[in-house]
>>> print(open('entry.cif').read())   # mmCIF, C-alpha atoms and all ligand atoms
data_target
#
loop_
_atom_site.label_atom_id
_atom_site.label_comp_id
_atom_site.auth_asym_id
_atom_site.auth_seq_id
_atom_site.Cartn_x
_atom_site.Cartn_y
_atom_site.Cartn_z
CA MET F 11 7.00 21.10 -24.88
CA SER F 12 7.68 17.55 -23.90
CA GLN F 13 7.13 15.82 -20.63
CA THR F 14 10.03 13.93 -19.08
CA PHE F 15 9.86 11.71 -16.02
CA PRO F 16 12.13 11.72 -12.98
CA PRO F 17 13.30 8.36 -11.63
CA GLY F 18 10.50 6.58 -9.82
CA VAL F 19 7.64 8.23 -11.72
CA SER F 20 5.97 5.84 -14.14
CA SER F 21 5.36 7.28 -17.61
CA GLU F 22 2.73 4.58 -18.18
CA ALA F 23 0.85 5.69 -15.07
CA PHE F 24 1.05 9.32 -16.22
CA PHE F 25 -0.20 8.56 -19.73
CA ALA F 26 -3.06 6.45 -18.36
CA CYS F 27 -4.11 9.45 -16.25
CA ALA F 28 -3.67 11.84 -19.19
CA ASP F 29 -5.88 9.67 -21.41
CA ALA F 30 -8.54 9.39 -18.71
CA ILE F 31 -8.53 13.18 -18.21
CA ALA F 32 -8.76 13.84 -21.97
CA GLY F 33 -11.67 11.39 -22.31
CA ALA F 34 -13.64 12.91 -19.45
CA ALA F 35 -12.86 16.46 -20.56
CA LYS F 36 -14.17 15.77 -24.06
CA ASP F 37 -17.50 14.58 -22.64
CA LEU F 38 -17.80 17.47 -20.19
CA ALA F 39 -16.93 20.00 -22.92
CA ALA F 40 -19.65 18.50 -25.14
CA LEU F 41 -22.13 19.18 -22.34
CA GLY F 42 -21.07 22.86 -22.42
CA TRP F 43 -19.58 22.75 -18.93
CA THR F 44 -16.09 24.03 -19.94
CA PRO F 45 -16.74 27.20 -22.00
CA ALA F 46 -13.93 29.26 -23.52
CA THR F 47 -11.00 27.04 -22.35
CA SER F 48 -12.14 27.30 -18.71
CA SER F 49 -12.20 24.42 -16.22
CA ASN F 50 -9.38 22.14 -15.15
CA PHE F 51 -8.95 18.48 -14.40
CA SER F 52 -6.39 16.37 -12.57
CA MET F 53 -5.66 12.79 -11.61
CA ARG F 54 -3.27 11.37 -9.05
CA VAL F 55 -0.33 9.50 -10.64
CA ASP F 56 1.27 8.23 -7.41
CA ASP F 57 1.72 9.19 -3.75
CA SER F 58 3.49 12.44 -4.60
CA HIS F 59 2.51 13.38 -8.18
CA ALA F 60 -0.56 14.24 -10.21
CA ALA F 61 -1.37 14.85 -13.88
CA ILE F 62 -3.16 18.16 -14.53
CA THR F 63 -4.39 20.14 -17.53
CA ILE F 64 -2.05 22.82 -18.85
CA SER F 65 -3.48 26.35 -18.55
CA GLY F 66 -5.62 27.74 -21.37
CA ARG F 67 -6.22 24.67 -23.53
CA ASP F 68 -9.56 23.82 -25.18
CA LYS F 69 -10.95 21.11 -22.91
CA GLY F 70 -12.90 19.47 -25.74
CA ARG F 71 -9.69 18.73 -27.67
CA LEU F 72 -7.12 17.67 -25.12
CA ASP F 73 -4.43 15.18 -25.96
CA ARG F 74 -1.41 13.95 -23.99
CA ASP F 75 0.56 17.15 -24.81
CA ASP F 76 -2.07 19.25 -23.01
CA ILE F 77 -1.54 17.49 -19.69
CA MET F 78 1.51 17.83 -17.45
CA LEU F 79 3.08 16.31 -14.35
CA ILE F 80 3.14 18.21 -11.03
CA ASP F 81 4.14 17.40 -7.49
CA LEU F 82 1.65 17.77 -4.66
CA ASP F 83 2.99 21.28 -3.92
CA GLY F 84 1.74 22.23 -7.39
CA GLN F 85 5.21 22.59 -8.96
CA ALA F 86 5.79 21.48 -12.56
CA VAL F 87 7.86 18.28 -12.81
CA GLY F 88 9.85 17.40 -15.97
CA THR F 89 8.32 20.17 -18.10
CA ASP F 90 8.41 23.94 -18.67
CA ALA F 91 4.63 24.02 -19.12
CA ARG F 92 2.49 26.13 -16.83
CA PRO F 93 -0.15 24.24 -14.87
CA SER F 94 -3.66 25.57 -14.41
CA ALA F 95 -3.85 28.76 -12.35
CA GLU F 96 -6.00 26.86 -9.86
CA THR F 97 -3.55 23.99 -9.32
CA ALA F 98 -3.31 24.68 -5.58
CA LEU F 99 -6.98 23.78 -5.17
CA HIS F 100 -6.31 20.37 -6.72
CA THR F 101 -3.18 19.56 -4.75
CA GLN F 102 -4.92 20.60 -1.53
CA VAL F 103 -7.46 17.80 -2.08
CA TYR F 104 -4.75 15.20 -2.82
CA ARG F 105 -2.75 16.16 0.26
CA ARG F 106 -5.80 16.12 2.50
CA TRP F 107 -7.26 12.78 1.31
CA PRO F 108 -4.70 10.16 0.28
CA ASP F 109 -7.37 7.92 -1.32
CA THR F 110 -8.67 10.70 -3.59
CA ARG F 111 -7.46 10.16 -7.14
CA VAL F 112 -9.43 12.61 -9.29
CA VAL F 113 -10.42 16.29 -9.05
CA LEU F 114 -12.80 17.83 -11.62
CA HIS F 115 -13.53 21.56 -11.86
CA THR F 116 -16.08 22.90 -14.35
CA HIS F 117 -17.81 26.20 -15.13
CA SER F 118 -21.29 25.22 -16.33
CA ARG F 119 -24.00 27.83 -16.62
CA THR F 120 -26.04 26.08 -13.91
CA GLN F 121 -23.03 25.97 -11.54
CA SER F 122 -22.26 29.63 -12.25
CA VAL F 123 -25.82 30.88 -11.71
CA ALA F 124 -26.32 28.76 -8.57
CA SER F 125 -23.07 30.08 -7.11
CA ARG F 126 -24.30 33.67 -7.50
CA LEU F 127 -27.74 32.92 -6.11
CA PHE F 128 -26.49 31.19 -2.96
CA ALA F 129 -23.31 33.21 -2.35
CA ALA F 130 -24.92 35.52 0.20
CA GLN F 131 -25.95 32.63 2.43
CA GLY F 132 -22.56 30.97 2.08
CA SER F 133 -23.82 27.50 1.12
CA ILE F 134 -26.54 25.50 -0.58
CA ARG F 135 -28.37 22.88 1.50
CA LEU F 136 -29.64 20.02 -0.63
CA GLU F 137 -32.36 18.01 1.07
CA GLY F 138 -35.01 15.52 -0.05
CA TRP F 139 -33.53 14.70 -3.44
CA GLU F 140 -33.11 11.05 -4.39
CA LEU F 141 -29.96 11.93 -6.37
CA GLN F 142 -28.12 12.95 -3.19
CA LYS F 143 -27.45 9.19 -2.99
CA ALA F 144 -25.07 9.55 -5.95
CA ILE F 145 -22.61 11.18 -3.54
CA THR F 146 -20.44 8.57 -1.82
CA GLY F 147 -21.48 8.18 1.81
CA PHE F 148 -25.11 9.25 1.24
CA HIS F 149 -27.64 6.42 1.50
CA THR F 150 -30.98 8.19 1.69
CA HIS F 151 -32.77 11.28 0.40
CA GLU F 152 -33.47 11.97 4.11
CA SER F 153 -30.07 13.53 4.55
CA MET F 154 -28.61 16.98 4.06
CA LEU F 155 -25.86 17.69 1.59
CA GLN F 156 -24.32 21.09 2.20
CA ILE F 157 -22.24 22.65 -0.58
CA PRO F 158 -20.35 25.78 0.53
CA VAL F 159 -20.04 28.78 -1.79
CA PHE F 160 -16.72 30.55 -1.31
CA PRO F 161 -16.05 34.10 -2.57
CA ASN F 162 -14.12 34.21 -5.83
CA THR F 163 -10.57 35.52 -5.87
CA GLN F 164 -7.58 35.33 -8.22
CA HIS F 165 -5.40 34.81 -5.15
CA MET F 166 -5.37 31.04 -4.68
CA PRO F 167 -3.91 30.95 -1.13
CA GLU F 168 -7.06 32.74 0.03
CA LEU F 169 -9.32 30.06 -1.44
CA VAL F 170 -7.10 27.28 -0.12
CA ALA F 171 -7.42 28.84 3.35
CA ARG F 172 -11.21 29.02 3.10
CA VAL F 173 -11.40 25.33 2.19
CA GLU F 174 -9.05 24.47 5.08
CA ALA F 175 -11.14 26.53 7.50
CA TRP F 176 -14.32 24.70 6.44
CA LEU F 177 -12.65 21.33 6.98
CA ASP F 178 -11.00 22.36 10.23
CA ALA F 179 -14.45 23.30 11.53
CA GLY F 180 -15.29 19.60 11.15
CA LYS F 181 -17.84 20.11 8.38
CA PRO F 182 -18.16 17.42 5.68
CA LEU F 183 -17.00 18.51 2.24
CA HIS F 184 -17.86 16.66 -0.97
CA ALA F 185 -17.72 19.65 -3.31
CA TYR F 186 -17.68 23.43 -3.24
CA LEU F 187 -18.79 26.28 -5.45
CA ILE F 188 -16.86 29.49 -6.02
CA ASP F 189 -19.04 32.57 -6.45
CA GLY F 190 -19.60 33.48 -10.10
CA HIS F 191 -17.10 30.86 -11.13
CA GLY F 192 -17.83 27.12 -10.95
CA ILE F 193 -17.64 23.92 -8.94
CA TYR F 194 -14.95 21.61 -7.56
CA THR F 195 -15.60 17.98 -6.71
CA TRP F 196 -13.46 14.85 -6.38
CA GLY F 197 -13.51 11.11 -5.82
CA ARG F 198 -11.54 7.88 -5.61
CA ASP F 199 -11.59 7.28 -9.37
CA MET F 200 -12.83 8.94 -12.55
CA ALA F 201 -16.19 7.15 -12.54
CA GLU F 202 -17.00 8.18 -8.97
CA THR F 203 -15.90 11.77 -9.58
CA ARG F 204 -17.95 12.08 -12.77
CA ARG F 205 -20.95 10.67 -10.91
CA HIS F 206 -20.49 13.32 -8.23
CA LEU F 207 -20.18 16.10 -10.80
CA GLU F 208 -23.22 14.97 -12.80
CA ALA F 209 -25.34 14.58 -9.67
CA LEU F 210 -24.36 18.03 -8.39
CA GLU F 211 -25.09 19.65 -11.76
CA PHE F 212 -28.52 17.98 -11.75
CA LEU F 213 -29.29 18.95 -8.15
CA LEU F 214 -28.24 22.56 -8.66
CA ALA F 215 -30.42 22.76 -11.79
CA CYS F 216 -33.38 21.39 -9.79
CA GLU F 217 -32.89 24.01 -7.08
CA LEU F 218 -32.76 26.78 -9.71
CA ASP F 219 -35.94 25.44 -11.38
CA LEU F 220 -37.75 25.35 -8.04
CA ARG F 221 -36.95 28.98 -7.43
CA ARG F 222 -37.95 29.96 -10.96
CA LEU F 223 -41.27 28.13 -10.72
CA SER F 224 -42.16 29.38 -7.27
CA ALA F 225 -41.28 33.00 -7.99
ZN ZN S 1 -12.03 27.88 -12.68
#
>>> encode(input="entry.cif", output="structure tokens", more="lines below")
Ligand SMILES: [Zn+2]
Amino acid sequence: MSQTFPPGVSSEAFFACADAIAGAAKDLAALGWTPATSSNFSMRVDDSHAAITISGRDKGRLDRDDIMLIDLDGQAVGTDARPSAETALHTQVYRRWPDTRVVLHTHSRTQSVASRLFAAQGSIRLEGWELQKAITGFHTHESMLQIPVFPNTQHMPELVARVEAWLDAGKPLHAYLIDGHGIYTWGRDMAETRRHLEALEFLLACELDLRRLSA
């Protein structure tokens, strides 16, 4: 399956995104955060297109052929490949925040366990951790970082609607968990987004340890 490019879409820009996604995915897979071909990654190519991982590929071994072009409605562009089943959750972020360029979604064990543990209360409130400052916009541990946990579903419009409802309620959103599933986070470039993901993984692991030790 080969990727072609409609007029106005830069193949160089797409391949730069594809290479950045493959590089990040390899590192995240090595950490064990993308088991059994799960997880998906995307990067904005221009104002109306993104590069995203093709469904079902081993995230530790991605190359350019495993990444495809989509428009911001989640439709394949210039290829017959099938984008990730969760593409709508990526394009929602790009449509909502024009300066967001990267969305990372992983399924680590820590993310999965934390999502189950906090699902009943609907969110996790992170407070008093120095590493909250790794999230753009946070400048002190004396702040509260709230990560919602949405119910899992295979019906993406339902999840999209839950994210919209959270935002429409005026609540800040830097990441969200899906119950029994994994985490979504994003940023203005790959470095910022990886920093967010690593910080959140660390913070969730700390919260789980606290509960284990105080049981
Ligand atoms: Zn997933």
>>> residues_around(input="entry.cif", residues="segment 120-130 of chain F", least_positions_apart="2", cutoff="9 Å", atoms="all atoms listed in the file", output="ChimeraX atom specification")
/F:43,116-118,132-134,158-161,187-193,210-212,214-215,217-218
>>> residues_around(input="entry.cif", residues="segment 96-112 of chain F", least_positions_apart="6", cutoff="7 Å", atoms="only C-alpha atoms", output="list in words")
Ser52, Met53, Arg54, Leu82, Asp83, Gly84, Met166, Val170, Trp196, Gly197, Arg198, Asp199, Met200 and Thr203 of chain F
>>> closest_residue(input="entry.cif", among="F:Leu114, F:Val55, F:Ile31, F:Ala91", to="ligand ZN 1 (chain S)", atoms="only C-alpha atoms and all ligand atoms")
F:Leu114
>>> atom_distance(input="entry.cif", atom1="atom CA of Gly33 of chain F", atom2="atom CA of Gln142 of chain F")
25.3 Å
>>> closest_residue(input="entry.cif", among="F:Ile62, F:Ala95, F:Ala40, F:Ala86", to="His165 of chain F", atoms="all atoms listed in the file")
F:Ala95
>>> residues_around(input="entry.cif", residues="His206 of chain F", least_positions_apart="3", cutoff="7 Å", atoms="only C-alpha atoms", output="list in words")
Ala144, Ile145, Thr195, Glu202, Thr203, Ala209 and Leu210 of chain F
>>> write_last_selection(input="entry.cif", atoms="C-alpha atoms", output="short mmCIF file (atom, residue, chain, number, x, y, z; two decimals), in the coordinates of the input")
data_model
loop_
_atom_site.label_atom_id
_atom_site.label_comp_id
_atom_site.auth_asym_id
_atom_site.auth_seq_id
_atom_site.Cartn_x
_atom_site.Cartn_y
_atom_site.Cartn_z
CA ALA F 144 -25.07 9.55 -5.95
CA ILE F 145 -22.61 11.18 -3.54
CA THR F 195 -15.60 17.98 -6.71
CA GLU F 202 -17.00 8.18 -8.97
CA THR F 203 -15.90 11.77 -9.58
CA ALA F 209 -25.34 14.58 -9.67
CA LEU F 210 -24.36 18.03 -8.39
#
>>> closest_residue(input="entry.cif", among="F:Phe51, F:Trp139, F:Trp176, F:Phe24", to="ligand ZN 1 (chain S)", atoms="only C-alpha atoms and all ligand atoms")
F:Phe51
>>> closest_residue(input="entry.cif", among="F:Ser224, F:Ala179, F:Tyr186, F:Leu38", to="Ile157 of chain F", atoms="all atoms listed in the file")
F:Tyr186
>>> residues_near_point(input="entry.cif", point="(-3.9, 20.7, -22.4)", cutoff="10 Å", atoms="only C-alpha atoms", output="ChimeraX atom specification")
/F:28,31-32,47,50-51,62-78,91,93-94
>>> atom_distance(input="entry.cif", atom1="atom CA of Pro45 of chain F", atom2="atom CA of Asp90 of chain F")
25.6 Å
>>> residues_around(input="entry.cif", residues="Leu79 of chain F", least_positions_apart="3", cutoff="8 Å", atoms="all atoms listed in the file", output="PDB file with C-alpha atoms, keeping the file's coordinate frame")
ATOM      1  CA  GLN F  13       7.130  15.820 -20.630  1.00  0.00           C
ATOM      2  CA  PHE F  24       1.050   9.320 -16.220  1.00  0.00           C
ATOM      3  CA  HIS F  59       2.510  13.380  -8.180  1.00  0.00           C
ATOM      4  CA  ALA F  60      -0.560  14.240 -10.210  1.00  0.00           C
ATOM      5  CA  ALA F  61      -1.370  14.850 -13.880  1.00  0.00           C
ATOM      6  CA  ILE F  62      -3.160  18.160 -14.530  1.00  0.00           C
ATOM      7  CA  ALA F  86       5.790  21.480 -12.560  1.00  0.00           C
ATOM      8  CA  VAL F  87       7.860  18.280 -12.810  1.00  0.00           C
ATOM      9  CA  GLY F  88       9.850  17.400 -15.970  1.00  0.00           C
ATOM     10  CA  THR F  89       8.320  20.170 -18.100  1.00  0.00           C
TER      11      THR F  89
END
>>> atom_distance(input="entry.cif", atom1="atom CA of Phe25 of chain F", atom2="atom CA of Ile80 of chain F")
13.4 Å
>>> axis_aligned_box(input="entry.cif", around="segment 73-90 of chain F", padding_each_side="8 Å", output="JSON")
{"center_x": 2.7, "center_y": 18.9, "center_z": -14.9, "size_x": 30.3, "size_y": 26.0, "size_z": 38.0}
>>> closest_residue(input="entry.cif", among="F:Gln164, F:Gln131, F:Ser58, F:Thr14", to="ligand ZN 1 (chain S)", atoms="all atoms listed in the file")
F:Gln164
>>> closest_residue(input="entry.cif", among="F:Ser21, F:Ser49, F:Thr44, F:Gln156", to="ligand ZN 1 (chain S)", atoms="only C-alpha atoms and all ligand atoms")
F:Ser49
